[in-house]
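Here's coords_4.cif, which has mmCIF, C-alpha atoms and all ligand atoms:
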data_start
loop_
_atom_site.label_atom_id
_atom_site.label_comp_id
_atom_site.auth_asym_id
_atom_site.auth_seq_id
_atom_site.Cartn_x
_atom_site.Cartn_y
_atom_site.Cartn_z
CA MET A 206 251.20 169.49 194.03
CA THR A 207 248.94 172.30 192.78
CA PRO A 208 248.62 172.97 189.06
CA ASN A 209 250.52 176.22 189.66
CA THR A 210 253.62 174.50 190.92
CA ASP A 211 253.61 171.35 188.75
CA LEU A 212 256.37 171.96 186.21
CA ASN A 213 255.18 169.00 184.12
CA ILE A 214 252.17 171.02 183.02
CA PRO A 215 253.94 173.90 181.20
CA LEU A 216 256.46 171.40 179.81
CA PHE A 217 253.64 169.28 178.39
CA GLU A 218 252.15 172.42 176.79
CA ARG A 219 255.52 173.24 175.23
CA ALA A 220 255.84 169.65 174.01
CA LYS A 221 252.35 169.59 172.50
CA ALA A 222 253.16 172.67 170.41
CA VAL A 223 256.00 170.89 168.61
CA ILE A 224 255.49 167.13 168.97
CA PRO A 225 252.16 165.46 168.10
CA GLY A 226 250.42 164.83 171.42
CA GLY A 227 253.57 166.06 173.16
CA VAL A 228 255.17 162.61 173.03
CA ASN A 229 257.28 160.44 170.76
CA SER A 230 255.32 157.25 171.46
CA PRO A 231 251.57 157.42 172.12
CA VAL A 232 251.13 155.62 175.47
CA ARG A 233 253.40 158.20 177.15
CA ALA A 234 250.71 160.87 176.67
CA PHE A 235 248.51 159.38 179.44
CA ASN A 236 245.52 159.36 177.08
CA ALA A 237 244.13 156.20 178.67
CA VAL A 238 244.32 157.41 182.27
CA GLY A 239 244.06 161.19 181.81
CA GLY A 240 246.23 163.83 183.44
CA THR A 241 249.70 165.12 182.71
CA PRO A 242 252.60 162.81 181.92
CA ARG A 243 255.67 163.01 184.16
CA PHE A 244 258.70 164.36 182.33
CA VAL A 245 261.71 162.40 183.54
CA GLN A 246 264.78 164.33 184.59
CA ARG A 247 267.01 161.46 185.67
CA ALA A 248 266.85 157.92 186.95
CA GLU A 249 268.89 155.70 189.23
CA GLY A 250 268.32 152.13 190.35
CA ALA A 251 264.60 151.53 190.90
CA TYR A 252 263.67 155.23 190.77
CA PHE A 253 263.29 158.17 188.49
CA TRP A 254 262.79 161.81 189.33
CA ASP A 255 260.45 164.00 187.34
CA THR A 256 260.88 167.63 186.41
CA ASN A 257 259.46 168.68 189.80
CA GLY A 258 262.11 166.63 191.55
CA GLN A 259 259.49 164.14 192.78
CA ARG A 260 260.82 160.59 193.11
CA PHE A 261 258.90 157.65 191.65
CA THR A 262 259.46 153.94 192.11
CA ASP A 263 259.59 152.85 188.50
CA TYR A 264 257.60 149.75 187.49
CA ILE A 265 258.03 150.41 183.77
CA GLY A 266 261.81 150.55 183.37
CA SER A 267 261.58 151.96 179.84
CA TRP A 268 258.95 149.25 179.08
CA GLY A 269 261.30 146.42 179.82
CA PRO A 270 264.93 147.11 178.97
CA MET A 271 266.07 148.31 182.42
CA ILE A 272 266.16 144.86 184.00
CA LEU A 273 269.15 145.83 186.16
CA GLY A 274 267.58 149.12 187.18
CA HIS A 275 268.72 152.49 185.91
CA GLY A 276 272.38 153.39 185.59
CA HIS A 277 273.95 150.15 186.77
CA PRO A 278 277.58 151.18 187.38
CA GLU A 279 279.10 148.37 185.29
CA VAL A 280 276.78 149.01 182.38
CA LEU A 281 277.46 152.72 182.60
CA ALA A 282 281.21 152.11 182.53
CA ALA A 283 280.88 149.85 179.47
CA VAL A 284 278.84 152.49 177.66
CA GLN A 285 281.25 155.28 178.59
CA GLN A 286 284.21 153.30 177.31
CA ALA A 287 282.39 152.43 174.08
CA ALA A 288 281.46 156.08 173.54
CA LEU A 289 285.12 157.08 173.80
CA ASP A 290 285.95 154.57 171.06
CA GLY A 291 283.37 155.98 168.63
CA PHE A 292 279.61 156.32 168.20
CA SER A 293 278.98 154.48 164.95
CA PHE A 294 281.06 153.18 162.09
CA GLY A 295 278.79 151.48 159.57
CA ALA A 296 281.42 148.74 159.47
CA PRO A 297 281.59 145.52 161.47
CA THR A 298 282.97 145.39 165.01
CA GLU A 299 284.07 142.56 167.27
CA ARG A 300 281.42 143.45 169.84
CA GLU A 301 278.62 142.62 167.38
CA VAL A 302 280.12 139.18 166.92
CA THR A 303 280.45 138.69 170.67
CA LEU A 304 276.85 139.76 171.21
CA ALA A 305 275.62 137.41 168.46
CA GLU A 306 277.61 134.56 170.03
CA LYS A 307 276.16 135.34 173.44
CA LEU A 308 272.57 135.38 172.13
CA ILE A 309 273.05 132.06 170.36
CA GLU A 310 274.63 130.54 173.44
CA LEU A 311 271.60 131.55 175.53
CA LEU A 312 268.98 130.54 172.94
CA PRO A 313 269.61 127.10 171.45
CA SER A 314 266.77 127.60 168.92
CA MET A 315 268.96 130.16 167.10
CA GLU A 316 272.06 129.34 165.08
CA MET A 317 272.45 132.79 163.55
CA VAL A 318 271.15 136.21 164.47
CA ARG A 319 270.92 139.64 162.87
CA LEU A 320 271.04 142.81 164.97
CA VAL A 321 268.72 145.74 164.26
CA SER A 322 267.70 148.87 166.16
CA SER A 323 264.05 148.42 167.19
CA GLY A 324 261.51 145.73 167.88
CA THR A 325 259.39 147.00 165.01
CA GLU A 326 262.26 146.52 162.61
CA ALA A 327 262.99 143.06 163.98
CA THR A 328 259.41 141.73 163.72
CA MET A 329 258.95 143.27 160.27
CA SER A 330 262.18 141.64 159.09
CA ALA A 331 261.27 138.30 160.69
CA MET A 332 257.97 138.35 158.82
CA ARG A 333 259.71 139.12 155.51
CA LEU A 334 262.19 136.35 156.20
CA ALA A 335 259.40 133.87 156.93
CA ARG A 336 257.72 134.79 153.66
CA GLY A 337 261.01 134.66 151.76
CA PHE A 338 261.94 131.30 153.23
CA THR A 339 258.58 129.61 152.69
CA GLY A 340 257.59 131.37 149.49
CA ARG A 341 254.14 131.90 151.03
CA ARG A 342 252.10 135.06 151.67
CA LYS A 343 249.81 134.72 154.65
CA ILE A 344 250.56 135.22 158.30
CA ILE A 345 248.62 134.57 161.48
CA LYS A 346 248.76 136.91 164.44
CA PHE A 347 246.62 137.09 167.57
CA ASN A 348 244.20 139.66 168.89
CA GLY A 349 245.87 141.67 171.66
CA CYS A 350 249.45 140.90 170.62
CA TYR A 351 251.55 143.84 169.47
CA HIS A 352 254.45 143.30 167.13
CA GLY A 353 255.54 146.86 166.44
CA HIS A 354 254.00 149.23 163.95
CA SER A 355 254.90 147.90 160.50
CA ASP A 356 251.90 148.01 158.18
CA ALA A 357 251.12 144.31 157.85
CA LEU A 358 251.11 143.82 161.63
CA LEU A 359 248.87 146.76 162.52
CA VAL A 360 245.73 144.74 162.19
CA LYS A 361 242.68 143.95 164.22
CA ALA A 362 240.48 140.94 163.79
CA GLY A 363 238.23 140.76 160.77
CA SER A 364 234.61 139.69 161.05
CA GLY A 365 235.34 136.04 160.42
CA LEU A 366 238.00 133.65 159.27
CA ALA A 367 236.99 133.99 155.66
CA THR A 368 237.82 137.69 155.83
CA PHE A 369 241.23 138.99 156.72
CA GLY A 370 241.94 141.74 159.20
CA ASN A 371 241.16 145.43 159.11
CA ALA A 372 243.93 147.97 159.53
CA THR A 373 244.04 149.51 163.01
CA SER A 374 245.73 152.65 161.72
CA ALA A 375 244.88 155.21 159.10
CA GLY A 376 247.50 155.19 156.39
CA VAL A 377 247.67 151.40 156.18
CA THR A 378 246.17 150.22 152.91
CA PRO A 379 243.79 147.25 152.77
CA GLU A 380 246.33 145.60 150.47
CA ALA A 381 249.02 145.82 153.17
CA VAL A 382 246.92 143.78 155.61
CA GLN A 383 245.10 141.49 153.21
CA ASP A 384 247.36 138.57 154.06
CA THR A 385 247.25 139.04 157.83
CA LEU A 386 244.83 136.78 159.64
CA VAL A 387 244.00 137.75 163.23
CA LEU A 388 242.82 135.01 165.59
CA GLU A 389 241.84 134.96 169.25
CA TYR A 390 244.67 134.20 171.64
CA ASN A 391 244.37 130.77 173.29
CA ASP A 392 241.59 129.65 170.91
CA ILE A 393 242.60 126.22 169.57
CA ASP A 394 239.43 125.76 167.50
CA GLN A 395 240.01 128.95 165.55
CA LEU A 396 243.63 128.04 165.01
CA GLU A 397 242.68 124.65 163.59
CA GLU A 398 240.05 126.22 161.38
CA ALA A 399 242.54 128.76 160.05
CA PHE A 400 245.04 126.05 159.20
CA ALA A 401 242.32 124.00 157.55
CA LEU A 402 241.47 126.96 155.33
CA TYR A 403 244.87 128.45 154.57
CA ALA A 404 247.66 126.06 155.55
CA ASP A 405 249.21 125.84 152.09
CA ASP A 406 249.71 129.57 151.95
CA LEU A 407 250.75 130.26 155.55
CA ALA A 408 254.27 131.64 155.91
CA CYS A 409 254.21 132.01 159.67
CA VAL A 410 252.35 132.24 162.94
CA MET A 411 253.64 135.17 164.98
CA ILE A 412 252.90 135.27 168.68
CA GLU A 413 253.89 136.88 171.96
CA PRO A 414 254.31 133.68 174.03
CA ILE A 415 253.35 135.58 177.14
CA ALA A 416 251.46 138.57 175.82
CA GLY A 417 252.69 141.75 177.47
CA ASN A 418 250.66 144.08 175.31
CA MET A 419 247.28 143.07 176.70
CA ASN A 420 248.58 143.44 180.23
CA PHE A 421 249.92 139.92 181.01
CA VAL A 422 248.29 136.89 179.43
CA ARG A 423 249.96 133.52 179.04
CA ALA A 424 249.47 131.33 176.02
CA SER A 425 248.22 128.05 177.47
CA VAL A 426 250.46 125.02 177.15
CA ALA A 427 247.83 123.20 175.08
CA PHE A 428 247.53 126.18 172.70
CA THR A 429 251.31 126.47 172.39
CA ARG A 430 251.68 122.75 171.71
CA ARG A 431 248.98 122.87 169.04
CA ILE A 432 250.53 125.88 167.28
CA ARG A 433 253.86 124.08 167.16
CA GLU A 434 252.27 120.87 165.82
CA LEU A 435 250.29 122.66 163.13
CA CYS A 436 253.23 124.79 162.00
CA THR A 437 255.46 121.73 161.74
CA GLN A 438 252.82 119.68 159.96
CA HIS A 439 252.11 122.36 157.35
CA GLY A 440 255.53 123.94 156.90
CA ALA A 441 254.67 127.33 158.40
CA LEU A 442 257.28 128.97 160.62
CA LEU A 443 256.56 129.69 164.26
CA VAL A 444 257.81 133.19 165.07
CA TYR A 445 258.22 133.93 168.77
CA ASP A 446 258.13 137.66 169.40
CA GLU A 447 260.16 137.80 172.59
CA VAL A 448 260.83 141.53 172.40
CA MET A 449 259.17 141.88 175.80
CA THR A 450 259.68 138.42 177.31
CA GLY A 451 263.23 137.90 176.04
CA PHE A 452 265.70 137.56 178.94
CA ARG A 453 263.08 139.11 181.22
CA VAL A 454 260.94 136.10 182.09
CA ALA A 455 263.88 133.66 182.19
CA LEU A 456 267.46 133.49 180.98
CA GLY A 457 266.26 131.16 178.23
CA CYS A 458 263.35 133.54 177.45
CA ALA A 459 259.70 132.43 177.29
CA GLN A 460 260.60 129.57 174.95
CA ALA A 461 262.51 127.95 177.82
CA VAL A 462 259.49 128.36 180.10
CA TYR A 463 257.36 126.43 177.55
CA ALA A 464 260.10 123.91 176.76
CA LYS A 465 259.93 122.83 180.41
CA GLN A 466 256.34 121.77 179.82
CA ILE A 467 256.54 120.70 176.17
CA PRO A 468 259.62 118.50 175.67
CA GLY A 469 261.68 119.59 172.68
CA PHE A 470 259.67 122.74 172.15
CA ALA A 471 261.33 125.54 170.17
CA PRO A 472 260.12 128.27 167.81
CA ASP A 473 261.58 128.63 164.30
CA ILE A 474 262.35 132.35 164.46
CA THR A 475 262.88 134.38 167.62
CA VAL A 476 262.53 138.15 167.79
CA LEU A 477 264.31 140.01 170.58
CA GLY A 478 264.56 143.62 171.74
CA LYS A 479 264.45 145.67 174.94
CA VAL A 480 266.70 143.78 177.44
CA ILE A 481 269.29 142.88 174.78
CA GLY A 482 270.05 146.59 174.42
CA GLY A 483 269.94 147.37 178.14
CA GLY A 484 268.18 150.66 177.34
CA MET A 485 269.95 151.49 174.08
CA PRO A 486 268.28 151.03 170.67
CA MET A 487 268.90 147.36 169.94
CA ALA A 488 266.81 144.42 168.74
CA ALA A 489 267.47 141.21 166.87
CA PHE A 490 265.96 138.26 165.09
CA GLY A 491 267.46 134.83 164.79
CA ALA A 492 266.72 131.28 163.66
CA ARG A 493 268.39 128.14 162.50
CA ARG A 494 271.02 128.50 159.84
CA GLU A 495 269.00 127.40 156.79
CA ILE A 496 266.46 130.15 157.52
CA MET A 497 268.93 132.92 158.34
CA GLU A 498 270.99 132.16 155.25
CA LYS A 499 268.10 133.47 153.17
CA LEU A 500 269.03 136.99 154.34
CA SER A 501 271.10 139.32 152.21
CA PRO A 502 273.98 139.33 151.45
CA LEU A 503 273.77 135.50 151.45
CA GLY A 504 270.23 135.15 150.21
CA PRO A 505 267.39 136.93 148.43
CA VAL A 506 265.60 138.47 151.47
CA TYR A 507 266.76 142.07 151.79
CA GLN A 508 267.34 143.67 155.19
CA ALA A 509 269.75 146.40 156.28
CA GLY A 510 270.37 149.25 158.74
CA THR A 511 272.71 152.26 159.02
CA LEU A 512 272.91 151.96 162.81
CA SER A 513 272.42 148.19 163.08
CA GLY A 514 274.79 146.63 165.62
CA ASN A 515 275.63 150.09 166.93
CA PRO A 516 278.84 149.95 168.98
CA ILE A 517 277.46 151.76 172.04
CA ALA A 518 274.23 149.75 172.03
CA THR A 519 276.15 146.48 171.70
CA ALA A 520 278.37 147.46 174.65
CA CYS A 521 275.31 148.28 176.74
CA GLY A 522 273.50 145.08 175.73
CA LEU A 523 276.49 142.80 176.20
CA LYS A 524 277.22 144.06 179.70
CA THR A 525 273.53 143.78 180.60
CA LEU A 526 273.36 140.19 179.34
CA GLU A 527 276.55 139.31 181.15
CA LEU A 528 275.18 140.62 184.45
CA ILE A 529 271.83 138.86 184.14
CA SER A 530 273.47 135.55 183.23
CA HIS A 531 274.60 135.00 186.81
CA ALA A 532 273.14 131.88 188.39
CA GLY A 533 269.94 132.64 190.25
CA PHE A 534 269.38 136.10 188.75
CA HIS A 535 265.98 135.35 187.25
CA GLU A 536 264.87 133.24 190.21
CA GLN A 537 265.54 136.18 192.53
CA LEU A 538 263.78 138.56 190.13
CA HIS A 539 260.80 136.18 189.99
CA ARG A 540 260.63 136.09 193.80
CA GLN A 541 260.84 139.86 194.02
CA THR A 542 258.08 140.32 191.45
CA GLY A 543 256.05 137.73 193.35
CA ARG A 544 256.45 139.77 196.53
CA LEU A 545 254.84 142.72 194.73
CA MET A 546 252.03 140.66 193.18
CA ASN A 547 251.25 138.81 196.42
CA GLY A 548 251.32 142.05 198.39
CA LEU A 549 248.99 143.81 195.97
CA SER A 550 246.60 140.83 195.82
CA GLU A 551 246.39 140.58 199.59
CA ALA A 552 245.79 144.32 200.01
CA ALA A 553 243.14 144.38 197.28
CA HIS A 554 241.30 141.40 198.74
CA GLU A 555 241.39 143.03 202.20
CA ALA A 556 239.60 145.97 200.60
CA GLY A 557 237.05 143.57 199.12
CA LEU A 558 238.06 144.21 195.51
CA PRO A 559 238.07 141.64 192.70
CA PHE A 560 241.77 141.31 191.90
CA CYS A 561 244.12 138.78 190.36
CA ALA A 562 247.74 138.84 189.30
CA ASP A 563 250.34 136.79 187.46
CA HIS A 564 254.06 137.11 186.84
CA GLU A 565 257.06 135.38 185.33
CA GLY A 566 260.58 136.58 186.08
CA GLY A 567 260.45 140.37 186.11
CA LEU A 568 257.27 140.73 184.05
CA PHE A 569 253.89 141.10 185.76
CA GLY A 570 250.25 141.88 185.25
CA PHE A 571 247.33 142.52 187.58
CA PHE A 572 243.64 142.91 186.89
CA PHE A 573 240.59 144.17 188.72
CA LEU A 574 238.91 140.93 187.72
CA PRO A 575 238.02 137.84 189.74
CA GLU A 576 239.97 135.50 187.45
CA LEU A 577 242.98 135.77 185.16
CA PRO A 578 241.92 136.57 181.60
CA THR A 579 243.00 134.36 178.69
CA THR A 580 241.96 136.56 175.76
CA TYR A 581 242.03 140.22 174.81
CA ALA A 582 238.25 140.50 175.19
CA GLU A 583 238.51 139.24 178.78
CA VAL A 584 241.29 141.71 179.59
CA MET A 585 239.13 144.54 178.31
CA ARG A 586 236.36 143.61 180.75
CA THR A 587 238.47 145.28 183.45
CA ASP A 588 236.75 148.24 185.09
CA GLY A 589 238.70 151.08 183.45
CA GLN A 590 237.52 153.78 185.84
CA ARG A 591 238.66 151.74 188.81
CA PHE A 592 242.03 151.15 187.19
CA ASN A 593 242.47 154.85 186.42
CA LYS A 594 241.65 155.83 189.98
CA PHE A 595 244.14 153.27 191.25
CA TYR A 596 246.70 154.53 188.78
CA HIS A 597 246.47 158.16 189.87
CA GLY A 598 246.36 157.24 193.55
CA MET A 599 249.64 155.39 193.14
CA LEU A 600 251.17 158.09 190.98
CA GLU A 601 250.44 160.77 193.58
CA ARG A 602 252.19 158.60 196.14
CA GLY A 603 255.25 158.19 193.94
CA HIS A 604 254.69 154.73 192.39
CA TYR A 605 254.85 154.65 188.61
CA PHE A 606 252.91 151.88 186.86
CA ALA A 607 252.02 151.63 183.19
CA PRO A 608 249.45 154.33 182.35
CA ALA A 609 246.92 151.95 180.75
CA LEU A 610 245.15 148.83 181.98
CA TYR A 611 246.25 146.83 178.95
CA GLU A 612 249.99 147.19 179.62
CA ALA A 613 252.27 144.86 181.59
CA GLY A 614 254.56 145.92 184.42
CA PHE A 615 258.26 145.43 185.08
CA VAL A 616 260.36 144.82 188.17
CA SER A 617 264.14 145.21 188.06
CA ALA A 618 266.97 143.74 190.10
CA ALA A 619 267.32 147.17 191.74
CA HIS A 620 263.89 146.93 193.42
CA THR A 621 264.50 146.05 197.07
CA ASP A 622 262.09 144.47 199.54
CA ALA A 623 261.67 147.92 201.11
CA ASP A 624 260.76 149.48 197.72
CA ILE A 625 258.16 146.83 197.10
CA ASP A 626 256.74 146.96 200.60
CA ARG A 627 256.33 150.76 200.32
CA THR A 628 254.46 150.27 197.05
CA VAL A 629 252.19 147.66 198.65
CA GLU A 630 251.47 149.96 201.61
CA ALA A 631 250.57 152.80 199.23
CA ALA A 632 248.32 150.43 197.30
CA ARG A 633 246.62 149.37 200.53
CA GLU A 634 245.60 153.01 201.07
CA VAL A 635 244.51 153.48 197.48
CA PHE A 636 242.49 150.23 197.32
CA LYS A 637 240.38 151.49 200.25
CA THR A 638 239.31 154.49 198.13
CA LEU A 639 238.13 152.36 195.21
N1 LIG B 1 257.02 143.31 169.90
C1 LIG B 1 256.65 143.37 171.19
C2 LIG B 1 256.17 142.13 171.87
C3 LIG B 1 256.68 144.58 171.88
O1 LIG B 1 256.28 144.62 173.15
C4 LIG B 1 257.14 145.74 171.21
C5 LIG B 1 257.22 147.09 171.89
N2 LIG B 1 256.66 147.22 173.11
C6 LIG B 1 257.55 145.63 169.87
C7 LIG B 1 257.48 144.40 169.26
C8 LIG B 1 258.05 146.81 169.12
O2 LIG B 1 259.29 147.20 169.60
P1 LIG B 1 259.81 148.70 169.40
O3 LIG B 1 258.95 149.58 170.24
O4 LIG B 1 261.24 148.65 169.85
O5 LIG B 1 259.70 149.00 167.95
#
Please express the file's structure as structure tokens.
Amino acid sequence: MTPNTDLNIPLFERAKAVIPGGVNSPVRAFNAVGGTPRFVQRAEGAYFWDTNGQRFTDYIGSWGPMILGHGHPEVLAAVQQAALDGFSFGAPTEREVTLAEKLIELLPSMEMVRLVSSGTEATMSAMRLARGFTGRRKIIKFNGCYHGHSDALLVKAGSGLATFGNATSAGVTPEAVQDTLVLEYNDIDQLEEAFALYADDLACVMIEPIAGNMNFVRASVAFTRRIRELCTQHGALLVYDEVMTGFRVALGCAQAVYAKQIPGFAPDITVLGKVIGGGMPMAAFGARREIMEKLSPLGPVYQAGTLSGNPIATACGLKTLELISHAGFHEQLHRQTGRLMNGLSEAAHEAGLPFCADHEGGLFGFFFLPELPTTYAEVMRTDGQRFNKFYHGMLERGHYFAPALYEAGFVSAAHTDADIDRTVEAAREVFKTL
């Protein structure tokens, strides 16, 4: 497509005049890879079509929620029916109760759950709850994990454990992040040191169990076990941010993946988003009863939302959860994602490129590195120019991956063998040009 005929270009110009950067969430602007973002016109199954009418095989799926693919007929019908019954009431509905019951049934670590409208809201509220429950101030997070954009969680590592983090955004005051300690992912020594220094004042450790915001990096089993032990020993809460991994890596979420390897393992608070709304604004946080009962109106920790438990979002989420609860759903999704990762790895190695990949359920990551990274610093050793060239080569051929090397990828149940094989063939061509 020449610049004269690409309708995304004038649309992006129009957007930039009225929306900062032309987008309503920064990564959509293609800043990391360069070029013009594709404006989506419509989507169906594993594909979306941009404003030029070009079809793309979609490996983002709205950054996770579209686990069934776009416009699944049963989900669509549930949403249409819910819309006819009313958009929002600001009063309780039966569907919220049914959704809460379903979430608790699927996640034994939760006895109660509160529904909110975004992952940011859910992690922020989980952090407040952890502080309210423990009566402590400090929190630990990990370098490379993203927990939404509330002030106290927008932090990068400080220069040492004695100093707390620095804000990663203008507009966040030093006071807002002074109790946030940022440690290296998978670093047991640092974790132990942090507990030795601050245990008595630690409200929680918040973690992405499989980090999807530094591409795809697993917390090691040893690291996970040690976090759990230290939290239990010192009375800090373990907060699992499963906004990305929740119901995507397994029906029991990432916590079930770890519980297979660490008998009895469970987090104290779980944060959910994305899949539980099936593409509508919906997120949640839940825990055992004694923790959740600290929330208003029962307890002193305030939390609220005009659109929380929205009737259309709950309909969309409930139907999505029902459809992915079928026996074998996640196993099939895992196999399908494996087909893509194995295909890409083979094609890259044929072209003589350093390449490695990992996946769990419908979440994947690949790296132009000889070995899987275990920390943010290792992820960032990826050759960015090579990634960007790969990215644009695939985009031109109609395969839409995340437009940044530090983002994960997503396969849905709508991706067929043929879709994946076409993507692998395109990659084979592109790898030869790198
Ligand atoms: N936590 C994690 C792990 C996420 O991946 C995200 C968003 N990608 C969030 C929290 C924030 O969710 P939201 O964008 O819905 O605010």
message = Taking 5 positions as the minimum chain separation for residues in the same chain, which residues sit within 8 Å of Val232 in chain A when counting only C-alpha atoms? Answer as a ChimeraX atom specification.
response = /A:237,608-609
Between A:Asn420, A:Ser530, A:Gln460, A:Ser230, smallest distance to Thr587 in chain A by only C-alpha atoms belongs to A:Asn420
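Once only C-alpha atoms and all ligand atoms are used for the distance check, the residues close to ligand LIG 1 (chain B) at 6 Å turn out to be Ser323, Gly324, Thr325, Tyr351, His352, Gly353, Glu413, Asp446, Glu447, Val448 and Met449 of chain A.
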Task: Selected residue, from A:Gly603, A:Gly514, A:Pro472, A:Gly482, that lies nearest to Arg243 in chain A when counting all atoms listed in the file - done: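 Residue with the minimum atom-to-atom distance to Arg243 in chain A: A:Gly603.
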Requested in this report: Just the residues within 9 Å of Glu306 in chain A, please, counting only C-alpha atoms, with nothing from its chain fewer than 5 positions along; format it as a list in words.
Outcome: Glu301, Leu311, Met317 and Val318 of chain A
Let's have the selection written as a PDB file, keeping the file's coordinate frame, with C-alpha atoms.
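Writing the result to again.pdb gives the following:
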ATOM      1  CA  GLU A 301     278.620 142.620 167.380  1.00  0.00           C
ATOM      2  CA  LEU A 311     271.600 131.550 175.530  1.00  0.00           C
ATOM      3  CA  MET A 317     272.450 132.790 163.550  1.00  0.00           C
ATOM      4  CA  VAL A 318     271.150 136.210 164.470  1.00  0.00           C
TER       5      VAL A 318
END
Using only C-alpha atoms, the shortest atom-to-atom distance to Gly557 in chain A among A:Ile214, A:Leu574, A:Ala518, A:Ala619 belongs to A:Leu574
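For range 367-382 of chain A, the set of protein, DNA and RNA residues having any atom at most 12 Å away, when counting only C-alpha atoms and skipping those fewer than 4 positions along the same chain, is Arg342, Lys343, Ile344, Ile345, Lys346, Phe347, Asn348, Gly349, Tyr351, His354, Ser355, Asp356, Ala357, Leu358, Leu359, Val360, Lys361, Ala362, Gly363, Leu386, Val387, Leu388, Gln395, Glu398, Ala399, Phe400, Ala401, Leu402 and Tyr403 of chain A.
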- prompt: Can you list, as a PyMOL selection string, every protein, DNA or RNA residue that comes within 12 Å of Lys594 in chain A when you count all atoms listed in the file, leaving out same-chain residues fewer than 6 positions away?
  reply: chain A and resi 237-240+573+588+600-601+608-610+632+635-639
If I take CA of Met315 in chain A and CA of Ala296 in chain A, how far is one from the other in Å, to one decimal?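 One can read the CA of Met315 in chain A to CA of Ala296 in chain A distance as 23.6 Å.
Considering only C-alpha atoms, the residue among A:Arg219, A:His564, A:Arg544, A:His277 positioned nearest to Val629 in chain A is A:Arg544.
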- prompt: For Leu549 in chain A, which residue out of A:Gln286, A:Asn418, A:Ser322, A:Thr628 is the nearest one, using all atoms listed in the file?
  reply: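 Using all atoms listed in the file, Leu549 in chain A sits closest to A:Thr628.
CA of Asp263 in chain A is positioned 27.2 Å from CA of Leu308 in chain A.
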From A:Gln537, A:Val454, A:Lys307, A:Ala283, residue lying nearest Asp563 in chain A [all atoms listed in the file]
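Result for the nearest residue to Asp563 in chain A: A:Val454.
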(message) Could you tell me how far CA of Ala532 in chain A sits from CA of Gly483 in chain A, in Å to one decimal place?
(response)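 Those two atoms sit 18.8 Å apart.
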(Q) Give me, as JSON, numbers by chain, all polymer residues having an atom no more than 12 Å from Leu523 in chain A, counting only C-alpha atoms and skipping those fewer than 3 positions away in the same chain. (A) {"A": [279, 280, 281, 283, 284, 287, 299, 300, 301, 302, 303, 304, 305, 306, 307, 308, 480, 481, 482, 483, 484, 485, 487, 514, 515, 516, 517, 518, 519, 520, 526, 527, 528, 529, 530]}
